[in-house]
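Note sheet for the following structure.
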Amino acid sequence: MKAIILNAGKSSKMENILKDKPKCLLEIEGNSLLEIQINTLYNCGIDNISVVRGYNKKEINIPGIKYYDNDEYENTNVLYSLFCAKEELNDDVIILYGDILFEEDTIKRMLDSKENISIGVMINKDECFNHVGEIDYLEKEMLVFDAQNNVELIGKGLNVENKNTGIFTGIIKCNKKGINVIKNNYERIKETKESNNYLDCTKLKGAWITELLNEICQFGVPLHCVIIERGWMEIDTEKDYYRAIEDNKFVRRLVKVKTDWAERSNTYDKIKWVNRNETLDCMIEFAGDVNDKNVLDIGTGTGKVLKALKEKSPQGNYYGVDISKEMMEHIDRNLNFKLLESKIENLDKFENDSFDIVTARMVIHHSENLEKAFSEVKRVLKPGGKFIICEGTPPNRWSIKFYEEMFKYKEDRHTFLLDDLTNLYINTGFENITSRTIVLSDMSLNNWLKNAGVPYRNVDIIRKMHYEADRLVKEAYRMEVTEDDIIMNWKFAVICGSK
C-alpha cells in the first residue's frame, strides 16, 4: 500500500500563523502536521509515502520520503497535484489532503474496505467543527449517499438537507482497479475539448478531486463511503488551528514523543557508548579521590557515573537526581545512593555549598535553561568544588547541520562544540577550566537506534539520513557501511571547572 499526501497549495486563511511556511509544517504539540500524518501512516504499516509539494517547497524536506513538485501550484488545484505524482498511481494507494489530522483507526477503517474506490466520510459534523461556530456547508466538500453507503453526489455547493450526508475527509483509498478508473477518466478529460455538464480540458487544472469523483459517480461507477464518526480533524483556518491546540485529548493521541524515557530505561544499558570506559575514566580522573566527599550526579539515569566513582572511591557519599524515576529504578538499591526525582535546573532540595563534586554525563544537552542549570550547580558546590561534564559533539563544524537535523527526530536538545561548553563555564564564573576530547571508534548505528526509545518512524528517518549523508559528513564520522549497519566514530568532550 502506498500513500500520497497533497501539500502543494498556499493557505490564504492562515497567513498570520504560518508566515512563509507551507501549511503542512504548522506545528501542533511540537510536531508538524506532516510529521503527525507520516507517523500515523507508519503505525498503520504504510511506509511507501510520497508528498506533492508546491509553495515554498524547499522547506518540506523530511528524509525518507519521495517528493513530487507542483510548480504551477498558484494556478492549479488538488486534482492536478495528484497527477504530479502519476508514476505512483500504479498500485493500491491511499490519497490524503495535507491539512487533516486522523487517528490510526481512521486509516485502518479505510484499509479494511474491499471496494475499488473508497471515500472517507465524516458524519458527526458536531464533532468535526466543535467550538468553531457557524459553518458554511456550501463551501465544504460534502457527500450524499444512499442506504448502502454508495455515493450519489460529491463536491461543493450541494443541497444536503434531509438526505444522508457527510463531509469528505480528504482521504481516498483505491485498489489497483480503482486507481485505473481514476487515471482513465483523467486522461479522457484531458482529451475533451468542451463540455457543458462535465469536466473538460479547460477546467482540469482548477478542478477538485471531488469533481472528478462526482463525474465518475454520475457515469455509474460505484464509489463506496467509509463512515467515520470520530478521529478526524481538518486544519483549514485559524479557528481550526486553535481548536486543535485546545483539544489536547485528540491531538495527544496522535503526537508521538521523541524520546520515551520509560521505554528507554529498559534498553539504555545496552547502548554501546553507555558502557564504554573512555569517557567515564576521564571523568573519574578529573574528580580524583572522592572518599569521604559529597558527590552529586545530575541526570544520573541508570547510575553509570556513580557506580564508576564508587568503585574507585568506595567511601564517598553519593547522590543522584533525574527526571525519570524509571531510569533510576534500574540502579541497585544496595549501592546506597541517595536518589531524588528532579530537574537539573532545580536543585533546591540541596543547600548552598553542599557538594565537593557535581557530575553530568550526557545530560546538559537536555537542559531547559542552560544558564539556570549551571548556576544551580555552582550554588550547591563548595568553594573549590568541581563541576565535571561529558557531552557528545559534532565531529567538526561541517557536520553541525547534519547533527542538528538528525537529533530533531530523537529529542529536543542543545548542540554544542567544545567552545560552547567552555563558554558556559566561563559565563557562570567557573575557574581552572580543563577539557579533553575523546573519540569513541567502532560505534554501531544499529545498536544505538535499536535502544534509542524513539518511534519506529523516527528511527527509520535517522537511519536513512546516515546512509544518504553527503561525503564530508561521512568522512567526519569515518562512516563505514557494512552489510546492514554503519560503523563510525563519535566525538565527546569532557570538561572540568572549579568554583
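Residues are referred to by chain and number: the chain letter is A, B, ... according to the order shown in the C-alpha cells, the number counts from 1 in that chain, and ligands are numbered separately from 1 in the order shown.
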
Backbone DSSP call of strand (DSSP E or B) for stretch 190-371 of chain A, listed as number ranges by chain: A: 224-228, 232-234, 294-298, 317-322, 338-341, 355-361

Non-local contacts of A:Ala3 (7 Å; only C-alpha atoms; under 2 positions in same chain excluded) as a PyMOL selection string: chain A and resi 1+5+48-50+93-95

Distance criterion (only C-alpha atoms): nearest to A:Lys312 out of A:Ala287, A:Gly30, A:Arg53, A:Trp490: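 Once distances to A:Lys312 are computed over only C-alpha atoms, the minimum belongs to A:Ala287.
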
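Residues in contact with A:Ala360 at 7 Å, where only C-alpha atoms are counted and same-chain residues fewer than 5 positions away are skipped, are listed as A:Asp297, A:Ile298, A:Gly299, A:Ile388, A:Ile389, A:Cys390.
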
Using C-alpha atoms, can you export the residues from the last selection as a PDB file, in the first residue's frame?
```
ATOM      1  CA  ASP A 297      25.419  13.229  39.699  1.00  0.00           C
ATOM      2  CA  ILE A 298      22.729  15.187  37.826  1.00  0.00           C
ATOM      3  CA  GLY A 299      20.751  13.380  35.159  1.00  0.00           C
ATOM      4  CA  ILE A 388      32.594  17.745  35.520  1.00  0.00           C
ATOM      5  CA  ILE A 389      30.518  17.164  32.405  1.00  0.00           C
ATOM      6  CA  CYS A 390      30.681  14.880  29.388  1.00  0.00           C
TER       7      CYS A 390
END
```

Given only C-alpha atoms as the counted atoms, nearest of A:Lys86, A:Ile154, A:Lys249, A:Leu101 to A:Glu187: A:Lys86

6 Å contact set for A:Met488, only C-alpha atoms, chain neighbours under 3 positions out, as a ChimeraX atom specification: /A:442-443,477-479

Could those residues be written to a file, using N, CA and C atoms, as a CSV table (one decimal), in the first residue's frame?
```
chain,number,residue,atom,x,y,z
A,442,ASP,N,34.4,2.6,16.3
A,442,ASP,CA,33.6,1.4,16.1
A,442,ASP,C,32.3,1.4,16.8
A,443,MET,N,31.6,2.6,16.7
A,443,MET,CA,30.3,2.7,17.2
A,443,MET,C,29.2,2.3,16.2
A,477,TYR,N,32.6,11.6,10.3
A,477,TYR,CA,32.3,10.5,11.2
A,477,TYR,C,33.1,9.2,11.0
A,478,ARG,N,33.9,9.2,9.9
A,478,ARG,CA,34.6,8.0,9.5
A,478,ARG,C,33.6,6.8,9.3
A,479,MET,N,32.5,7.1,8.6
A,479,MET,CA,31.4,6.1,8.5
A,479,MET,C,31.9,5.0,7.5
```

Counting only C-alpha atoms, the residue of A:Asp292, A:Asp146, A:Glu141, A:Asp332 that sits nearest A:Leu306: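 Among the listed residues, the smallest separation from A:Leu306 belongs to A:Asp332.
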
Pick from A:Gly166, A:Gly155, A:Pro395, A:Gly231, whichever lies nearest to A:Leu213 using only C-alpha atoms: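 Of the candidates, the smallest distance to A:Leu213 is held by A:Gly155.
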
Using DSSP assignments from the backbone, pull out every residue in stretch 90-182 of chain A that falls under helix (DSSP H, G or I) and give it to me as a compact mmCIF listing (two decimals) with all heavy atoms, in the first residue's frame.
```txt
# COMPACT_ATOMS: atom_id res chain seq x y z
N GLU A 104 -5.15 6.46 13.91
CA GLU A 104 -4.84 5.19 13.25
C GLU A 104 -6.11 4.44 12.89
O GLU A 104 -6.19 3.84 11.81
CB GLU A 104 -3.98 4.33 14.18
CG GLU A 104 -2.56 4.85 14.37
CD GLU A 104 -1.78 4.01 15.36
OE1 GLU A 104 -2.01 2.78 15.40
OE2 GLU A 104 -0.96 4.57 16.11
N ASP A 105 -7.11 4.46 13.76
CA ASP A 105 -8.34 3.73 13.48
C ASP A 105 -9.02 4.24 12.22
O ASP A 105 -9.68 3.47 11.50
CB ASP A 105 -9.31 3.84 14.66
CG ASP A 105 -8.90 2.95 15.83
OD1 ASP A 105 -8.02 2.08 15.63
OD2 ASP A 105 -9.44 3.13 16.93
N THR A 106 -8.90 5.54 11.94
CA THR A 106 -9.49 6.11 10.73
C THR A 106 -8.84 5.50 9.50
O THR A 106 -9.52 5.10 8.54
CB THR A 106 -9.33 7.64 10.73
OG1 THR A 106 -9.99 8.18 11.87
CG2 THR A 106 -9.91 8.26 9.47
N ILE A 107 -7.51 5.44 9.49
CA ILE A 107 -6.80 4.85 8.36
C ILE A 107 -7.10 3.36 8.25
O ILE A 107 -7.32 2.82 7.15
CB ILE A 107 -5.28 5.10 8.48
CG1 ILE A 107 -4.98 6.60 8.44
CG2 ILE A 107 -4.52 4.37 7.37
CD1 ILE A 107 -5.40 7.28 7.16
N LYS A 108 -7.15 2.67 9.38
CA LYS A 108 -7.40 1.23 9.35
C LYS A 108 -8.79 0.92 8.81
O LYS A 108 -8.99 -0.09 8.12
CB LYS A 108 -7.20 0.64 10.74
CG LYS A 108 -5.73 0.59 11.16
CD LYS A 108 -5.55 0.12 12.59
CE LYS A 108 -4.07 0.11 12.97
NZ LYS A 108 -3.87 -0.26 14.39
N ARG A 109 -9.77 1.78 9.10
CA ARG A 109 -11.10 1.59 8.54
C ARG A 109 -11.06 1.71 7.02
O ARG A 109 -11.73 0.97 6.29
CB ARG A 109 -12.08 2.61 9.12
CG ARG A 109 -12.51 2.30 10.54
CD ARG A 109 -13.48 3.34 11.07
NE ARG A 109 -14.74 3.30 10.33
CZ ARG A 109 -15.74 2.46 10.58
NH1 ARG A 109 -15.62 1.57 11.55
NH2 ARG A 109 -16.85 2.50 9.88
N MET A 110 -10.27 2.67 6.53
CA MET A 110 -10.13 2.82 5.08
C MET A 110 -9.45 1.59 4.48
O MET A 110 -9.87 1.08 3.44
CB MET A 110 -9.32 4.07 4.77
CG MET A 110 -9.94 5.39 5.22
SD MET A 110 -11.49 5.81 4.41
CE MET A 110 -11.00 5.94 2.71
N LEU A 111 -8.42 1.11 5.14
CA LEU A 111 -7.68 -0.04 4.62
C LEU A 111 -8.53 -1.31 4.61
O LEU A 111 -8.32 -2.20 3.78
CB LEU A 111 -6.41 -0.27 5.45
CG LEU A 111 -5.37 0.85 5.43
CD1 LEU A 111 -4.18 0.48 6.31
CD2 LEU A 111 -4.91 1.15 4.02
N ASP A 112 -9.49 -1.39 5.53
CA ASP A 112 -10.33 -2.58 5.61
C ASP A 112 -11.33 -2.67 4.46
O ASP A 112 -11.88 -3.75 4.19
CB ASP A 112 -11.09 -2.60 6.94
CG ASP A 112 -10.19 -2.96 8.11
OD1 ASP A 112 -9.10 -3.51 7.88
OD2 ASP A 112 -10.58 -2.66 9.26
N LYS A 125 -20.89 15.83 12.27
CA LYS A 125 -20.48 17.20 11.95
C LYS A 125 -20.25 18.04 13.21
O LYS A 125 -19.43 18.93 13.23
CB LYS A 125 -21.52 17.86 11.04
CG LYS A 125 -21.61 17.21 9.66
CD LYS A 125 -22.48 18.02 8.72
CE LYS A 125 -23.95 17.72 8.89
NZ LYS A 125 -24.31 16.35 8.46
N ASP A 126 -20.98 17.73 14.28
CA ASP A 126 -20.78 18.48 15.52
C ASP A 126 -19.37 18.28 16.07
O ASP A 126 -18.73 19.19 16.57
CB ASP A 126 -21.81 18.06 16.58
CG ASP A 126 -23.21 18.52 16.22
OD1 ASP A 126 -23.31 19.50 15.45
OD2 ASP A 126 -24.18 17.90 16.69
N GLU A 127 -18.87 17.03 15.99
CA GLU A 127 -17.52 16.76 16.47
C GLU A 127 -16.48 17.39 15.55
O GLU A 127 -15.45 17.87 15.99
CB GLU A 127 -17.26 15.26 16.58
CG GLU A 127 -15.84 14.95 17.06
CD GLU A 127 -15.69 13.52 17.53
OE1 GLU A 127 -16.60 13.00 18.18
OE2 GLU A 127 -14.64 12.94 17.24
N CYS A 128 -16.77 17.40 14.25
CA CYS A 128 -15.83 17.99 13.28
C CYS A 128 -15.53 19.44 13.61
O CYS A 128 -14.39 19.88 13.56
CB CYS A 128 -16.44 17.97 11.88
SG CYS A 128 -16.42 16.38 11.09
N TYR A 137 -21.69 25.08 4.89
CA TYR A 137 -21.51 23.76 4.30
C TYR A 137 -21.46 23.80 2.78
O TYR A 137 -20.99 22.86 2.15
CB TYR A 137 -22.61 22.82 4.79
CG TYR A 137 -22.45 22.44 6.24
CD1 TYR A 137 -23.29 22.95 7.23
CD2 TYR A 137 -21.42 21.58 6.63
CE1 TYR A 137 -23.12 22.61 8.56
CE2 TYR A 137 -21.25 21.23 7.96
CZ TYR A 137 -22.10 21.75 8.92
OH TYR A 137 -21.93 21.41 10.24
N LEU A 138 -21.95 24.90 2.19
CA LEU A 138 -21.85 25.02 0.74
C LEU A 138 -20.39 25.16 0.29
O LEU A 138 -20.05 24.88 -0.87
CB LEU A 138 -22.66 26.22 0.25
CG LEU A 138 -24.18 26.10 0.39
CD1 LEU A 138 -24.86 27.39 -0.05
CD2 LEU A 138 -24.71 24.91 -0.42
N GLU A 139 -19.53 25.60 1.22
CA GLU A 139 -18.11 25.75 0.90
C GLU A 139 -17.31 24.49 1.18
O GLU A 139 -16.15 24.39 0.80
CB GLU A 139 -17.51 26.91 1.72
CG GLU A 139 -17.88 28.30 1.20
CD GLU A 139 -17.37 28.52 -0.21
OE1 GLU A 139 -16.19 28.24 -0.47
OE2 GLU A 139 -18.17 28.96 -1.06
N LYS A 176 -5.94 -1.31 -7.15
CA LYS A 176 -5.34 -1.10 -8.47
C LYS A 176 -6.41 -0.87 -9.54
O LYS A 176 -6.25 -0.01 -10.42
CB LYS A 176 -4.47 -2.31 -8.84
CG LYS A 176 -3.55 -2.06 -10.02
CD LYS A 176 -2.54 -3.19 -10.16
CE LYS A 176 -1.55 -2.88 -11.28
NZ LYS A 176 -0.53 -3.96 -11.40
N LYS A 177 -7.52 -1.59 -9.45
CA LYS A 177 -8.60 -1.40 -10.42
C LYS A 177 -9.21 -0.01 -10.27
O LYS A 177 -9.48 0.67 -11.27
CB LYS A 177 -9.66 -2.48 -10.21
CG LYS A 177 -10.77 -2.43 -11.24
CD LYS A 177 -11.74 -3.60 -11.05
CE LYS A 177 -12.86 -3.54 -12.09
NZ LYS A 177 -13.80 -4.69 -11.92
N GLY A 178 -9.40 0.42 -9.02
CA GLY A 178 -9.98 1.74 -8.79
C GLY A 178 -9.09 2.86 -9.27
O GLY A 178 -9.56 3.86 -9.84
N ILE A 179 -7.77 2.74 -9.04
CA ILE A 179 -6.87 3.81 -9.47
C ILE A 179 -6.81 3.87 -10.99
O ILE A 179 -6.65 4.96 -11.57
CB ILE A 179 -5.47 3.63 -8.84
CG1 ILE A 179 -4.77 4.99 -8.71
CG2 ILE A 179 -4.59 2.68 -9.62
CD1 ILE A 179 -5.42 5.93 -7.74
N ASN A 180 -6.97 2.74 -11.66
CA ASN A 180 -7.02 2.76 -13.13
C ASN A 180 -8.27 3.48 -13.63
O ASN A 180 -8.21 4.18 -14.65
CB ASN A 180 -6.97 1.34 -13.68
CG ASN A 180 -5.57 0.75 -13.64
OD1 ASN A 180 -4.58 1.49 -13.67
ND2 ASN A 180 -5.48 -0.57 -13.56
N VAL A 181 -9.38 3.34 -12.92
CA VAL A 181 -10.59 4.07 -13.29
C VAL A 181 -10.34 5.58 -13.20
O VAL A 181 -10.71 6.35 -14.10
CB VAL A 181 -11.77 3.67 -12.37
CG1 VAL A 181 -12.97 4.61 -12.59
CG2 VAL A 181 -12.18 2.23 -12.62
N ILE A 182 -9.70 6.01 -12.13
CA ILE A 182 -9.41 7.43 -11.95
C ILE A 182 -8.45 7.92 -13.02
O ILE A 182 -8.66 8.98 -13.63
CB ILE A 182 -8.85 7.68 -10.53
CG1 ILE A 182 -9.95 7.51 -9.50
CG2 ILE A 182 -8.21 9.07 -10.43
CD1 ILE A 182 -9.51 7.64 -8.07
```

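Shell of A:Glu115 at 9 Å, with only C-alpha atoms counted and residues fewer than 3 places along the chain excluded, is A:Ser118, A:Lys173, A:Cys174, A:Asn175, A:Gly178, A:Pro222, A:Leu223, A:His224.
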
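Of note, atom CA of A:Ile433 and atom CA of A:Cys496 are spaced 5.6 Å apart.
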
Would you mind listing, for every residue of stretch 427-478 of chain A within 9 Å of stretch 365-378 of chain A, the two atoms forming the shortest contact and the distance between them in Å to one decimal, using only C-alpha atoms, sorted by chain and ascending residue number, as a Markdown table?
```
| residue | atom | partner | partner_atom | distance |
| --- | --- | --- | --- | --- |
| A:Asn427 | CA | A:Glu371 | CA | 8.5 |
| A:Thr428 | CA | A:Ser375 | CA | 6.4 |
| A:Gly429 | CA | A:Lys378 | CA | 8.5 |
| A:Phe430 | CA | A:Lys378 | CA | 7.9 |
```

Could you dump the residues just selected with C-alpha atoms as a JSON list (two decimals), in the first residue's frame?
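Printed below is part_7.json as written:
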```
[["chain", "number", "residue", "atom", "x", "y", "z"],
["A", 427, "ASN", "CA", 29.96, 32.86, 31.85],
["A", 428, "THR", "CA", 28.88, 31.19, 35.11],
["A", 429, "GLY", "CA", 32.14, 32.14, 36.82],
["A", 430, "PHE", "CA", 33.89, 28.77, 36.97]]
```
